[in-house]
>>> print(open('entry_19.pdb').read())   # PDB, N, CA and C atoms
ATOM      1  N   MET A   1      71.898  46.214  38.392
ATOM      2  CA  MET A   1      71.579  44.822  38.602
ATOM      3  C   MET A   1      70.494  44.750  39.684
ATOM      4  N   ASN A   2      69.484  43.930  39.455
ATOM      5  CA  ASN A   2      68.374  43.855  40.402
ATOM      6  C   ASN A   2      68.669  42.889  41.554
ATOM      7  N   SER A   3      67.792  42.905  42.543
ATOM      8  CA  SER A   3      68.019  42.100  43.748
ATOM      9  C   SER A   3      67.944  40.597  43.466
ATOM     10  N   LYS A   4      67.138  40.201  42.493
ATOM     11  CA  LYS A   4      67.027  38.782  42.147
ATOM     12  C   LYS A   4      68.352  38.276  41.571
ATOM     13  N   ALA A   5      68.983  39.075  40.717
ATOM     14  CA  ALA A   5      70.271  38.700  40.133
ATOM     15  C   ALA A   5      71.359  38.643  41.206
ATOM     16  N   ILE A   6      71.355  39.612  42.121
ATOM     17  CA  ILE A   6      72.336  39.630  43.215
ATOM     18  C   ILE A   6      72.169  38.381  44.091
ATOM     19  N   ALA A   7      70.931  38.042  44.432
ATOM     20  CA  ALA A   7      70.675  36.858  45.253
ATOM     21  C   ALA A   7      71.130  35.590  44.537
ATOM     22  N   TYR A   8      70.917  35.527  43.242
ATOM     23  CA  TYR A   8      71.345  34.366  42.463
ATOM     24  C   TYR A   8      72.870  34.250  42.476
ATOM     25  N   LEU A   9      73.566  35.362  42.270
ATOM     26  CA  LEU A   9      75.032  35.354  42.285
ATOM     27  C   LEU A   9      75.567  34.973  43.666
ATOM     28  N   ARG A  10      74.924  35.461  44.717
ATOM     29  CA  ARG A  10      75.343  35.101  46.080
ATOM     30  C   ARG A  10      75.213  33.605  46.302
ATOM     31  N   SER A  11      74.132  33.015  45.784
ATOM     32  CA  SER A  11      73.945  31.570  45.955
ATOM     33  C   SER A  11      75.008  30.781  45.187
ATOM     34  N   LEU A  12      75.381  31.265  43.998
ATOM     35  CA  LEU A  12      76.442  30.603  43.234
ATOM     36  C   LEU A  12      77.796  30.719  43.929
ATOM     37  N   ALA A  13      78.030  31.850  44.554
ATOM     38  CA  ALA A  13      79.329  32.107  45.187
ATOM     39  C   ALA A  13      79.500  31.370  46.509
ATOM     40  N   HIS A  14      78.420  30.876  47.056
ATOM     41  CA  HIS A  14      78.477  30.222  48.370
ATOM     42  C   HIS A  14      79.508  29.087  48.407
ATOM     43  N   THR A  15      79.609  28.330  47.341
ATOM     44  CA  THR A  15      80.518  27.173  47.326
ATOM     45  C   THR A  15      81.923  27.516  46.829
ATOM     46  N   LEU A  16      82.129  28.742  46.395
ATOM     47  CA  LEU A  16      83.446  29.131  45.862
ATOM     48  C   LEU A  16      84.471  29.311  46.976
ATOM     49  N   ASN A  17      85.713  29.040  46.643
ATOM     50  CA  ASN A  17      86.835  29.360  47.524
ATOM     51  C   ASN A  17      87.469  30.655  47.026
ATOM     52  N   PRO A  18      88.095  31.417  47.928
ATOM     53  CA  PRO A  18      88.757  32.650  47.481
ATOM     54  C   PRO A  18      89.863  32.351  46.466
ATOM     55  N   VAL A  19      89.861  33.075  45.354
ATOM     56  CA  VAL A  19      90.887  32.878  44.322
ATOM     57  C   VAL A  19      91.994  33.919  44.434
ATOM     58  N   VAL A  20      91.713  35.020  45.143
ATOM     59  CA  VAL A  20      92.706  36.077  45.346
ATOM     60  C   VAL A  20      92.684  36.437  46.822
ATOM     61  N   ARG A  21      93.879  36.650  47.361
ATOM     62  CA  ARG A  21      94.003  37.102  48.743
ATOM     63  C   ARG A  21      94.763  38.419  48.758
ATOM     64  N   ILE A  22      94.207  39.390  49.467
ATOM     65  CA  ILE A  22      94.850  40.702  49.586
ATOM     66  C   ILE A  22      95.482  40.758  50.973
ATOM     67  N   GLY A  23      96.801  40.874  50.994
ATOM     68  CA  GLY A  23      97.543  40.835  52.247
ATOM     69  C   GLY A  23      97.806  42.198  52.839
ATOM     70  N   ASN A  24      98.874  42.291  53.610
ATOM     71  CA  ASN A  24      99.222  43.508  54.342
ATOM     72  C   ASN A  24      99.612  44.673  53.449
ATOM     73  N   LYS A  25     100.099  44.382  52.236
ATOM     74  CA  LYS A  25     100.501  45.458  51.331
ATOM     75  C   LYS A  25      99.302  46.148  50.696
ATOM     76  N   GLY A  26      98.149  45.568  50.826
ATOM     77  CA  GLY A  26      96.930  46.193  50.324
ATOM     78  C   GLY A  26      96.693  45.922  48.853
ATOM     79  N   LEU A  27      95.973  46.832  48.247
ATOM     80  CA  LEU A  27      95.540  46.678  46.860
ATOM     81  C   LEU A  27      96.595  47.277  45.926
ATOM     82  N   THR A  28      97.520  46.444  45.484
ATOM     83  CA  THR A  28      98.581  46.894  44.590
ATOM     84  C   THR A  28      98.159  46.658  43.139
ATOM     85  N   SER A  29      98.936  47.162  42.209
ATOM     86  CA  SER A  29      98.617  46.984  40.785
ATOM     87  C   SER A  29      98.671  45.512  40.387
ATOM     88  N   SER A  30      99.574  44.760  40.987
ATOM     89  CA  SER A  30      99.653  43.330  40.660
ATOM     90  C   SER A  30      98.424  42.580  41.173
ATOM     91  N   VAL A  31      97.885  42.990  42.304
ATOM     92  CA  VAL A  31      96.669  42.368  42.831
ATOM     93  C   VAL A  31      95.484  42.693  41.909
ATOM     94  N   ILE A  32      95.400  43.929  41.454
ATOM     95  CA  ILE A  32      94.338  44.339  40.520
ATOM     96  C   ILE A  32      94.425  43.503  39.240
ATOM     97  N   LYS A  33      95.643  43.289  38.726
ATOM     98  CA  LYS A  33      95.817  42.475  37.516
ATOM     99  C   LYS A  33      95.361  41.037  37.753
ATOM    100  N   GLU A  34      95.688  40.492  38.909
ATOM    101  CA  GLU A  34      95.286  39.122  39.243
ATOM    102  C   GLU A  34      93.763  39.001  39.353
ATOM    103  N   ILE A  35      93.133  39.997  39.954
ATOM    104  CA  ILE A  35      91.668  40.007  40.051
ATOM    105  C   ILE A  35      91.056  40.099  38.658
ATOM    106  N   ASP A  36      91.638  40.937  37.802
ATOM    107  CA  ASP A  36      91.154  41.078  36.427
ATOM    108  C   ASP A  36      91.240  39.746  35.679
ATOM    109  N   LEU A  37      92.369  39.058  35.799
ATOM    110  CA  LEU A  37      92.530  37.751  35.156
ATOM    111  C   LEU A  37      91.520  36.736  35.680
ATOM    112  N   SER A  38      91.296  36.744  36.984
ATOM    113  CA  SER A  38      90.338  35.814  37.583
ATOM    114  C   SER A  38      88.915  36.105  37.114
ATOM    115  N   LEU A  39      88.572  37.388  36.995
ATOM    116  CA  LEU A  39      87.243  37.749  36.504
ATOM    117  C   LEU A  39      87.053  37.342  35.050
ATOM    118  N   LYS A  40      88.110  37.483  34.246
ATOM    119  CA  LYS A  40      88.024  37.052  32.845
ATOM    120  C   LYS A  40      87.795  35.548  32.755
ATOM    121  N   ALA A  41      88.414  34.797  33.650
ATOM    122  CA  ALA A  41      88.312  33.344  33.615
ATOM    123  C   ALA A  41      87.016  32.823  34.229
ATOM    124  N   HIS A  42      86.535  33.471  35.291
ATOM    125  CA  HIS A  42      85.423  32.899  36.064
ATOM    126  C   HIS A  42      84.159  33.746  36.123
ATOM    127  N   GLU A  43      84.224  35.030  35.862
ATOM    128  CA  GLU A  43      83.116  35.990  35.973
ATOM    129  C   GLU A  43      82.728  36.296  37.418
ATOM    130  N   LEU A  44      82.624  35.288  38.261
ATOM    131  CA  LEU A  44      82.224  35.461  39.655
ATOM    132  C   LEU A  44      83.343  34.924  40.537
ATOM    133  N   ILE A  45      83.905  35.793  41.388
ATOM    134  CA  ILE A  45      85.020  35.357  42.232
ATOM    135  C   ILE A  45      84.829  35.809  43.674
ATOM    136  N   LYS A  46      85.504  35.090  44.557
ATOM    137  CA  LYS A  46      85.533  35.433  45.971
ATOM    138  C   LYS A  46      86.960  35.879  46.293
ATOM    139  N   ILE A  47      87.068  36.975  47.032
ATOM    140  CA  ILE A  47      88.369  37.548  47.394
ATOM    141  C   ILE A  47      88.441  37.640  48.913
ATOM    142  N   LYS A  48      89.564  37.256  49.479
ATOM    143  CA  LYS A  48      89.768  37.355  50.922
ATOM    144  C   LYS A  48      90.708  38.517  51.209
ATOM    145  N   ILE A  49      90.299  39.386  52.120
ATOM    146  CA  ILE A  49      91.091  40.562  52.486
ATOM    147  C   ILE A  49      91.564  40.407  53.924
ATOM    148  N   GLN A  50      92.873  40.437  54.115
ATOM    149  CA  GLN A  50      93.464  40.304  55.449
ATOM    150  C   GLN A  50      93.580  41.676  56.108
ATOM    151  N   ASN A  51      92.447  42.242  56.493
ATOM    152  CA  ASN A  51      92.454  43.534  57.172
ATOM    153  C   ASN A  51      91.259  43.556  58.118
ATOM    154  N   ASP A  52      91.490  43.981  59.352
ATOM    155  CA  ASP A  52      90.428  43.967  60.355
ATOM    156  C   ASP A  52      89.486  45.166  60.268
ATOM    157  N   GLU A  53      89.887  46.212  59.558
ATOM    158  CA  GLU A  53      89.075  47.428  59.454
ATOM    159  C   GLU A  53      88.010  47.273  58.370
ATOM    160  N   LYS A  54      86.744  47.317  58.771
ATOM    161  CA  LYS A  54      85.650  47.163  57.811
ATOM    162  C   LYS A  54      85.658  48.289  56.773
ATOM    163  N   SER A  55      85.958  49.510  57.207
ATOM    164  CA  SER A  55      85.969  50.647  56.278
ATOM    165  C   SER A  55      87.049  50.481  55.211
ATOM    166  N   VAL A  56      88.183  49.901  55.572
ATOM    167  CA  VAL A  56      89.267  49.653  54.612
ATOM    168  C   VAL A  56      88.832  48.600  53.600
ATOM    169  N   ARG A  57      88.186  47.534  54.085
ATOM    170  CA  ARG A  57      87.703  46.494  53.180
ATOM    171  C   ARG A  57      86.652  47.043  52.215
ATOM    172  N   GLU A  58      85.756  47.890  52.711
ATOM    173  CA  GLU A  58      84.732  48.482  51.851
ATOM    174  C   GLU A  58      85.358  49.399  50.802
ATOM    175  N   SER A  59      86.365  50.164  51.188
ATOM    176  CA  SER A  59      87.023  51.045  50.219
ATOM    177  C   SER A  59      87.780  50.225  49.170
ATOM    178  N   MET A  60      88.385  49.094  49.581
ATOM    179  CA  MET A  60      89.045  48.209  48.613
ATOM    180  C   MET A  60      88.025  47.634  47.632
ATOM    181  N   LEU A  61      86.876  47.221  48.136
ATOM    182  CA  LEU A  61      85.820  46.685  47.279
ATOM    183  C   LEU A  61      85.375  47.727  46.257
ATOM    184  N   ASN A  62      85.166  48.958  46.713
ATOM    185  CA  ASN A  62      84.773  50.034  45.800
ATOM    186  C   ASN A  62      85.855  50.318  44.766
ATOM    187  N   GLU A  63      87.099  50.319  45.203
ATOM    188  CA  GLU A  63      88.222  50.570  44.302
ATOM    189  C   GLU A  63      88.343  49.470  43.241
ATOM    190  N   ILE A  64      88.157  48.213  43.648
ATOM    191  CA  ILE A  64      88.207  47.090  42.709
ATOM    192  C   ILE A  64      87.100  47.239  41.670
ATOM    193  N   CYS A  65      85.899  47.526  42.133
ATOM    194  CA  CYS A  65      84.753  47.637  41.222
ATOM    195  C   CYS A  65      84.917  48.793  40.239
ATOM    196  N   GLU A  66      85.429  49.921  40.708
ATOM    197  CA  GLU A  66      85.657  51.063  39.821
ATOM    198  C   GLU A  66      86.760  50.778  38.812
ATOM    199  N   ALA A  67      87.854  50.189  39.261
ATOM    200  CA  ALA A  67      89.000  49.942  38.386
ATOM    201  C   ALA A  67      88.699  48.898  37.312
ATOM    202  N   LEU A  68      87.856  47.918  37.641
ATOM    203  CA  LEU A  68      87.632  46.796  36.729
ATOM    204  C   LEU A  68      86.216  46.745  36.154
ATOM    205  N   GLN A  69      85.413  47.790  36.379
ATOM    206  CA  GLN A  69      84.025  47.836  35.909
ATOM    207  C   GLN A  69      83.272  46.574  36.323
ATOM    208  N   ALA A  70      83.413  46.207  37.586
ATOM    209  CA  ALA A  70      82.775  45.012  38.134
ATOM    210  C   ALA A  70      81.643  45.418  39.070
ATOM    211  N   THR A  71      80.883  44.438  39.498
ATOM    212  CA  THR A  71      79.771  44.660  40.412
ATOM    213  C   THR A  71      80.059  43.981  41.741
ATOM    214  N   ALA A  72      79.868  44.721  42.821
ATOM    215  CA  ALA A  72      80.016  44.152  44.154
ATOM    216  C   ALA A  72      78.763  43.339  44.461
ATOM    217  N   VAL A  73      78.952  42.058  44.729
ATOM    218  CA  VAL A  73      77.816  41.176  45.005
ATOM    219  C   VAL A  73      77.566  41.082  46.506
ATOM    220  N   HIS A  74      78.634  40.918  47.278
ATOM    221  CA  HIS A  74      78.460  40.724  48.721
ATOM    222  C   HIS A  74      79.760  41.019  49.453
ATOM    223  N   HIS A  75      79.622  41.465  50.697
ATOM    224  CA  HIS A  75      80.780  41.705  51.566
ATOM    225  C   HIS A  75      80.389  41.199  52.942
ATOM    226  N   ILE A  76      81.033  40.135  53.366
ATOM    227  CA  ILE A  76      80.764  39.605  54.695
ATOM    228  C   ILE A  76      82.085  39.183  55.328
ATOM    229  N   GLY A  77      82.344  39.675  56.503
ATOM    230  CA  GLY A  77      83.589  39.353  57.189
ATOM    231  C   GLY A  77      84.790  39.791  56.380
ATOM    232  N   LEU A  78      85.732  38.894  56.193
ATOM    233  CA  LEU A  78      86.952  39.203  55.448
ATOM    234  C   LEU A  78      86.824  38.875  53.963
ATOM    235  N   GLN A  79      85.651  38.444  53.531
ATOM    236  CA  GLN A  79      85.484  38.024  52.144
ATOM    237  C   GLN A  79      84.548  38.955  51.384
ATOM    238  N   ILE A  80      84.909  39.175  50.117
ATOM    239  CA  ILE A  80      84.048  39.937  49.222
ATOM    240  C   ILE A  80      83.808  39.092  47.969
ATOM    241  N   ILE A  81      82.674  39.320  47.346
ATOM    242  CA  ILE A  81      82.317  38.611  46.128
ATOM    243  C   ILE A  81      82.106  39.650  45.039
ATOM    244  N   VAL A  82      82.762  39.427  43.898
ATOM    245  CA  VAL A  82      82.737  40.385  42.791
ATOM    246  C   VAL A  82      82.323  39.660  41.516
ATOM    247  N   TYR A  83      81.512  40.345  40.701
ATOM    248  CA  TYR A  83      81.037  39.773  39.438
ATOM    249  C   TYR A  83      81.289  40.755  38.297
ATOM    250  N   ARG A  84      81.724  40.210  37.176
ATOM    251  CA  ARG A  84      81.821  40.987  35.937
ATOM    252  C   ARG A  84      81.501  40.042  34.787
ATOM    253  N   ALA A  85      80.488  40.401  34.015
ATOM    254  CA  ALA A  85      80.071  39.561  32.890
ATOM    255  C   ALA A  85      81.153  39.549  31.824
ATOM    256  N   ALA A  86      81.376  38.385  31.249
ATOM    257  CA  ALA A  86      82.338  38.237  30.157
ATOM    258  C   ALA A  86      81.665  38.649  28.847
ATOM    259  N   SER A  87      82.465  38.781  27.800
ATOM    260  CA  SER A  87      81.902  39.129  26.491
ATOM    261  C   SER A  87      80.938  38.040  26.022
ATOM    262  N   GLU A  88      81.233  36.791  26.364
ATOM    263  CA  GLU A  88      80.323  35.669  26.146
ATOM    264  C   GLU A  88      80.029  35.072  27.522
ATOM    265  N   PRO A  89      78.984  35.565  28.196
ATOM    266  CA  PRO A  89      78.730  35.163  29.581
ATOM    267  C   PRO A  89      78.508  33.669  29.762
ATOM    268  N   LYS A  90      79.105  33.147  30.848
ATOM    269  CA  LYS A  90      78.915  31.757  31.248
ATOM    270  C   LYS A  90      77.731  31.659  32.211
ATOM    271  N   ILE A  91      77.543  32.726  32.986
ATOM    272  CA  ILE A  91      76.472  32.764  33.979
ATOM    273  C   ILE A  91      75.291  33.525  33.391
ATOM    274  N   VAL A  92      74.137  32.882  33.378
ATOM    275  CA  VAL A  92      72.918  33.515  32.885
ATOM    276  C   VAL A  92      72.148  34.034  34.091
ATOM    277  N   LEU A  93      71.989  35.357  34.142
ATOM    278  CA  LEU A  93      71.321  35.986  35.277
ATOM    279  C   LEU A  93      69.809  35.938  35.102
ATOM    280  N   PRO A  94      69.067  35.719  36.199
ATOM    281  CA  PRO A  94      67.599  35.765  36.113
ATOM    282  C   PRO A  94      67.135  37.206  35.936
ATOM    283  N   LYS A  95      65.966  37.358  35.334
ATOM    284  CA  LYS A  95      65.440  38.712  35.101
ATOM    285  C   LYS A  95      64.367  39.069  36.083
TER
END
>>> encode(input="entry_19.pdb", output="structure tokens")
Amino acid sequence: MNSKAIAYLRSLAHTLNPVVRIGNKGLTSSVIKEIDLSLKAHELIKIKIQNDEKSVRESMLNEICEALQATAVHHIGLQIIVYRAASEPKIVLPK
């Protein structure tokens, strides 16, 4: 994905509220399923991670993207933004 598409997705995600929250138990299979369902419904989602360690949040982001074939759009503070195109995309990315 090119930088123009990433910037466009970041601008769309600016107004979104987190749809999934990852708590103290971390990234469990039920959390992965919930993220998968949210991606199927919305394509672009914001996730809030309740962990102060930046390295832990980055590893969770990588794990989510690998497990669900998604793209990491942005990671700032406790929030991450993830995108996965649907079979019939709702979001049209710029080229």
>>> resolve_selection(input="entry_19.pdb", expression="the PyMOL selection byres (((chain A and resi 61-65 and name CA) around 12) and name CA)", output="ChimeraX atom specification")
/A:22,26-29,31-36,39,46-49,54-60,66-76,78-84
>>> atom_distance(input="entry_19.pdb", atom1="CA of Ser30 (chain A)", atom2="CA of Gly77 (chain A)")
23.4 Å
>>> select_by_dssp(input="entry_19.pdb", residues="region 19-61 of chain A", states="helix (DSSP H, G or I)", output="PyMOL selection string")
chain A and resi 29-42+54-61
>>> select_by_dssp(input="entry_19.pdb", residues="region 52-95 of chain A", states="strand (DSSP E or B)", output="PyMOL selection string")
chain A and resi 71-76+79-83
>>> atom_distance(input="entry_19.pdb", atom1="CA of Asn51 (chain A)", atom2="CA of Ser11 (chain A)")
24.7 Å
>>> residues_around(input="entry_19.pdb", residues="region 90-92 of chain A", least_positions_apart="4", cutoff="8 Å", atoms="only N, CA and C atoms", output="PyMOL selection string")
chain A and resi 5+42-44+85-86
>>> closest_residue(input="entry_19.pdb", among="A:Ile45, A:Lys40, A:Lys95, A:Met1", to="Ala13 (chain A)", atoms="only N, CA and C atoms")
A:Ile45
>>> atom_distance(input="entry_19.pdb", atom1="CA of Val19 (chain A)", atom2="atom C of Gln50 (chain A)")
15.0 Å
>>> axis_aligned_box(input="entry_19.pdb", around="region 49-67 of chain A", padding_each_side="4 Å", output="JSON")
{"center_x": 89.2, "center_y": 45.2, "center_z": 48.8, "size_x": 16.8, "size_y": 19.7, "size_z": 31.0}
>>> build_atoms(input="entry_19.pdb", residues="region 58-69 of chain A", atoms="all heavy atoms", output="compact mmCIF listing (two decimals), keeping the file's coordinate frame")
# COMPACT_ATOMS: atom_id res chain seq x y z
N GLU A 58 85.76 47.89 52.71
CA GLU A 58 84.73 48.48 51.85
C GLU A 58 85.36 49.40 50.80
O GLU A 58 84.93 49.40 49.65
CB GLU A 58 83.71 49.25 52.68
CG GLU A 58 82.79 48.34 53.46
CD GLU A 58 81.84 49.08 54.37
OE1 GLU A 58 81.98 50.32 54.53
OE2 GLU A 58 80.97 48.42 54.95
N SER A 59 86.36 50.16 51.19
CA SER A 59 87.02 51.04 50.22
C SER A 59 87.78 50.22 49.17
O SER A 59 87.80 50.59 47.99
CB SER A 59 87.96 52.04 50.91
OG SER A 59 89.06 51.38 51.49
N MET A 60 88.38 49.09 49.58
CA MET A 60 89.04 48.21 48.61
C MET A 60 88.02 47.63 47.63
O MET A 60 88.29 47.57 46.43
CB MET A 60 89.77 47.07 49.32
CG MET A 60 91.07 47.46 49.95
SD MET A 60 91.86 45.98 50.61
CE MET A 60 93.19 46.70 51.54
N LEU A 61 86.88 47.22 48.14
CA LEU A 61 85.82 46.68 47.28
C LEU A 61 85.38 47.73 46.26
O LEU A 61 85.26 47.44 45.06
CB LEU A 61 84.64 46.22 48.12
CG LEU A 61 83.40 45.72 47.39
CD1 LEU A 61 83.75 44.54 46.49
CD2 LEU A 61 82.32 45.35 48.37
N ASN A 62 85.17 48.96 46.71
CA ASN A 62 84.77 50.03 45.80
C ASN A 62 85.86 50.32 44.77
O ASN A 62 85.56 50.53 43.59
CB ASN A 62 84.43 51.31 46.58
CG ASN A 62 83.19 51.15 47.41
OD1 ASN A 62 82.31 50.36 47.08
ND2 ASN A 62 83.11 51.88 48.50
N GLU A 63 87.10 50.32 45.20
CA GLU A 63 88.22 50.57 44.30
C GLU A 63 88.34 49.47 43.24
O GLU A 63 88.57 49.75 42.06
CB GLU A 63 89.51 50.66 45.12
CG GLU A 63 90.67 51.29 44.38
CD GLU A 63 91.87 51.48 45.29
OE1 GLU A 63 91.69 51.71 46.50
OE2 GLU A 63 93.00 51.38 44.76
N ILE A 64 88.16 48.21 43.65
CA ILE A 64 88.21 47.09 42.71
C ILE A 64 87.10 47.24 41.67
O ILE A 64 87.34 47.10 40.47
CB ILE A 64 88.07 45.75 43.46
CG1 ILE A 64 89.33 45.46 44.27
CG2 ILE A 64 87.79 44.60 42.50
CD1 ILE A 64 89.18 44.35 45.29
N CYS A 65 85.90 47.53 42.13
CA CYS A 65 84.75 47.64 41.22
C CYS A 65 84.92 48.79 40.24
O CYS A 65 84.59 48.66 39.06
CB CYS A 65 83.46 47.78 42.01
SG CYS A 65 83.02 46.26 42.88
N GLU A 66 85.43 49.92 40.71
CA GLU A 66 85.66 51.06 39.82
C GLU A 66 86.76 50.78 38.81
O GLU A 66 86.63 51.08 37.63
CB GLU A 66 86.02 52.30 40.63
CG GLU A 66 84.85 52.91 41.36
CD GLU A 66 85.27 54.09 42.21
OE1 GLU A 66 86.31 54.71 41.93
OE2 GLU A 66 84.55 54.39 43.18
N ALA A 67 87.85 50.19 39.26
CA ALA A 67 89.00 49.94 38.39
C ALA A 67 88.70 48.90 37.31
O ALA A 67 89.21 48.99 36.20
CB ALA A 67 90.21 49.51 39.21
N LEU A 68 87.86 47.92 37.64
CA LEU A 68 87.63 46.80 36.73
C LEU A 68 86.22 46.74 36.15
O LEU A 68 85.85 45.77 35.51
CB LEU A 68 87.94 45.48 37.45
CG LEU A 68 89.36 45.35 37.97
CD1 LEU A 68 89.52 44.07 38.78
CD2 LEU A 68 90.35 45.39 36.84
N GLN A 69 85.41 47.79 36.38
CA GLN A 69 84.02 47.84 35.91
C GLN A 69 83.27 46.57 36.32
O GLN A 69 82.58 45.93 35.52
CB GLN A 69 83.93 48.03 34.39
CG GLN A 69 84.35 49.40 33.90
CD GLN A 69 85.85 49.57 33.84
OE1 GLN A 69 86.55 48.66 33.40
NE2 GLN A 69 86.34 50.71 34.28
